[in-house]
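Engineer: Encoded as structure tokens, here's the structure I'll be asking about.
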There are 2 protein chains.
Amino acid sequence: MKPSIFVVEDDPDISRLVRHHLEGAGFAVKLFPTGHTVVSESERQRPTLFILDIMVPGKDGLELCRQIRQTQSLAATPVIFLTAKSGEADRILGLELGADDYIPKPFSPRELVARVKAVLRRFERPLSQSPLRIGEIEIDPGAMTLTVRGQQVTTTATEFRLLDYFARHIGRVFTRDQLLDSVWRDTAYVTPRSVDVYVRRIREKIEPDPENPRYLKTVRGAGYRFEAAK
Amino acid sequence: MKPSIFVVEDDPDISRLVRHHLEGAGFAVKLFPTGHTVVSESERQRPTLFILDIMVPGKDGLELCRQIRQTQSLAATPVIFLTAKSGEADRILGLELGADDYIPKPFSPRELVARVKAVLRRFERPLSQSPLRIGEIEIDPGAMTLTVRGQQVTTTATEFRLLDYFARHIGRVFTRDQLLDSVWRDTAYVTPRSVDVYVRRIREKIEPDPENPRYLKTVRGAGYRFEAAK
DNA sequence: CTGAATTGTTTCAATCAGGTTACAAAACAG
DNA sequence: CTGTTTTGTAACCTGATTGAAACAATTCAG
């Protein structure tokens, strides 16, 4: 699932610009020309990040930020300000209010995307990087290496993510759809049957006999399950 | 973006003074009259530097410093103490706690700014000093020299920092964004693809066969990884 | 035993990620 | 101020990856 960003900005030129570049970078973007409905919408949809213009009519960005920070379910969501003036007041106010970053206008598209990514990186909980060993299989996410029976085996990124996911949830059955949701980057339009293909590819790399899998088992009518081979 | 400084000081006269002079010197300043919310705010905003009064009500500066040092994401942020008494004890305690400097009250504005700048300069991406040898490659950060198979090779500053970073994190995969974060000075304006170009340049200098890298490997879908060649 | 449902396997075109080069701009040195 | 080096970008190219489709094999129900 791609991260979603709520953008509160009254100037349609700017908001269109922002949307265009963020979507280009793989984010889902929702625009709000005013601040009125933002908080209630956000509580329902839980955006990954806010971008607020300091000056928006009706309810300005500063006030909005204050509200977000006071709302239990949104308090932890990062906020980035767009500021027109590069004057002191705005920047400091941003700091005072607990914004996570600010982008002075005018900004380059690249800067916008870079800052958003940087803030998200700062917030994302570091995923388990600890190496994992199951039977004859060793998975090291930090190095992105897979070792099977002492032999280093190359994998593609998707194969690796899928295998890692299986290996960290030993014994559980996952449907194809569940796997798409948790392993694939953009789940949107991928056929569940593609999972089969990847299972096949992984089996070829980890199973002594891919036709008779010892690790990655098929659960007919349900999906797949990873087992620690006996 | 200008560096931000969090100041924890209960005396409003002093804090106003500090703010005024630091802002005049081009820093963004946020004041905290007590220490209560400092750590949580800091995790969010990542100040560039802390200035703590040794004595603040509620939670004193020493305790606060200890907390900062124990917080993963803040441990590397420099801390400067403001101390009223010029007694040794306080000073040493501060230093032992991991403070990076102290400013005895009363202080001149110039001294304040000078010390802040000095500390920041000291913290600016210090290259590790110890030489490093990996296979046929020798890296000496102190001299900023690179020796490959006995031959001294010239590098540019960025090439050297990047190679040094790789060499000190052997076996780990880094995304282009991560590398920009940790090696480049101002990440916001640089395309991730620029990393590719530098990787190419480094390969030309260290690899016997740049088309078939033995050290600096590509990890498709992830980034790059430095390996000790067999 | 038969047919339906499910999974396995292979192939292949489109896409994407990375490599490479040339170049403009910025920084630097003289 | 001028020439040189460094830095980062853009554009183009190539080959690997991805995922769908088509068909084969297996399982299951009745």
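Naming scheme: A, B, ... for chains in displayed order of the structure tokens; residues 1 onward per chain; ligands 1 onward as shown.
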Please give the root-mean-square deviation of the Cα atoms once chain A has been least-squares fitted onto chain B, pairing every Cα in order.
Structural biologist: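 The RMSD between chain A and chain B over C-alpha atoms is 5.4 Å.
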Engineer: Could you work out which residues of chain D fall inside 12 Å of chain A? Count only C-alpha atoms (C1' of nucleotides), and format the result as an MDAnalysis selection string.
Structural biologist: chainID D and resid 9 16:21 25:28
Engineer: Restrict the selected residues to C-alpha atoms (C1' of nucleotides) and save them as a CSV table (one decimal), in the first residue's frame.
Structural biologist:
chain,number,residue,atom,x,y,z
D,9,DT,C1',21.8,16.2,-14.0
D,16,DA,C1',16.7,-7.9,-15.8
D,17,DT,C1',12.4,-8.1,-13.6
D,18,DT,C1',7.8,-8.4,-13.4
D,19,DG,C1',3.3,-10.2,-14.0
D,20,DA,C1',-0.2,-11.9,-17.2
D,21,DA,C1',-1.6,-15.4,-20.1
D,25,DA,C1',-1.1,-31.2,-14.1
D,26,DT,C1',-3.3,-32.3,-9.9
D,27,DT,C1',-6.9,-32.7,-6.6
D,28,DC,C1',-11.4,-33.2,-5.1
Engineer: Select residues of chain B: the criterion is any atom within 10 Å of an atom of chain C, counting only C-alpha atoms (C1' of nucleotides); output as a ChimeraX atom specification.
Structural biologist: /B:193,196-197,200,211,218-223
Engineer: Quick check: residues of chain B within 6 Å of chain A, only C-alpha atoms, returned as a JSON list (two decimals) with N, CA and C atoms, in the first residue's frame.
Structural biologist:
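Output saved as result.json:
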[["chain", "number", "residue", "atom", "x", "y", "z"],
["B", 45, "GLN", "N", 11.45, 16.64, 15.93],
["B", 45, "GLN", "CA", 12.03, 17.72, 15.12],
["B", 45, "GLN", "C", 13.53, 17.63, 14.90],
["B", 171, "GLY", "N", 29.10, -5.21, 3.70],
["B", 171, "GLY", "CA", 28.06, -6.24, 3.67],
["B", 171, "GLY", "C", 26.64, -5.73, 3.81],
["B", 172, "ARG", "N", 26.48, -4.48, 4.16],
["B", 172, "ARG", "CA", 25.12, -3.94, 4.30],
["B", 172, "ARG", "C", 24.68, -3.32, 2.98],
["B", 173, "VAL", "N", 23.40, -3.48, 2.72],
["B", 173, "VAL", "CA", 22.83, -2.83, 1.53],
["B", 173, "VAL", "C", 22.35, -1.44, 1.90],
["B", 188, "ALA", "N", 18.75, 17.57, 0.01],
["B", 188, "ALA", "CA", 17.45, 17.92, -0.58],
["B", 188, "ALA", "C", 17.50, 18.16, -2.08],
["B", 189, "TYR", "N", 18.62, 18.58, -2.58],
["B", 189, "TYR", "CA", 18.64, 18.96, -3.98],
["B", 189, "TYR", "C", 19.29, 17.93, -4.88],
["B", 221, "GLY", "N", 16.99, -3.45, -7.24],
["B", 221, "GLY", "CA", 15.76, -3.22, -6.49],
["B", 221, "GLY", "C", 16.01, -2.74, -5.08]]
Engineer: If I take CA of His36 (chain B) and CA of Glu9 (chain B), how far is one from the other in Å, to one decimal?
Structural biologist: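 Interatomic distance here is 11.7 Å.
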Engineer: Which distance in Å separates C1' of DA10 (chain D) and CA of Thr187 (chain B), to one decimal?
Structural biologist: 18.8 Å
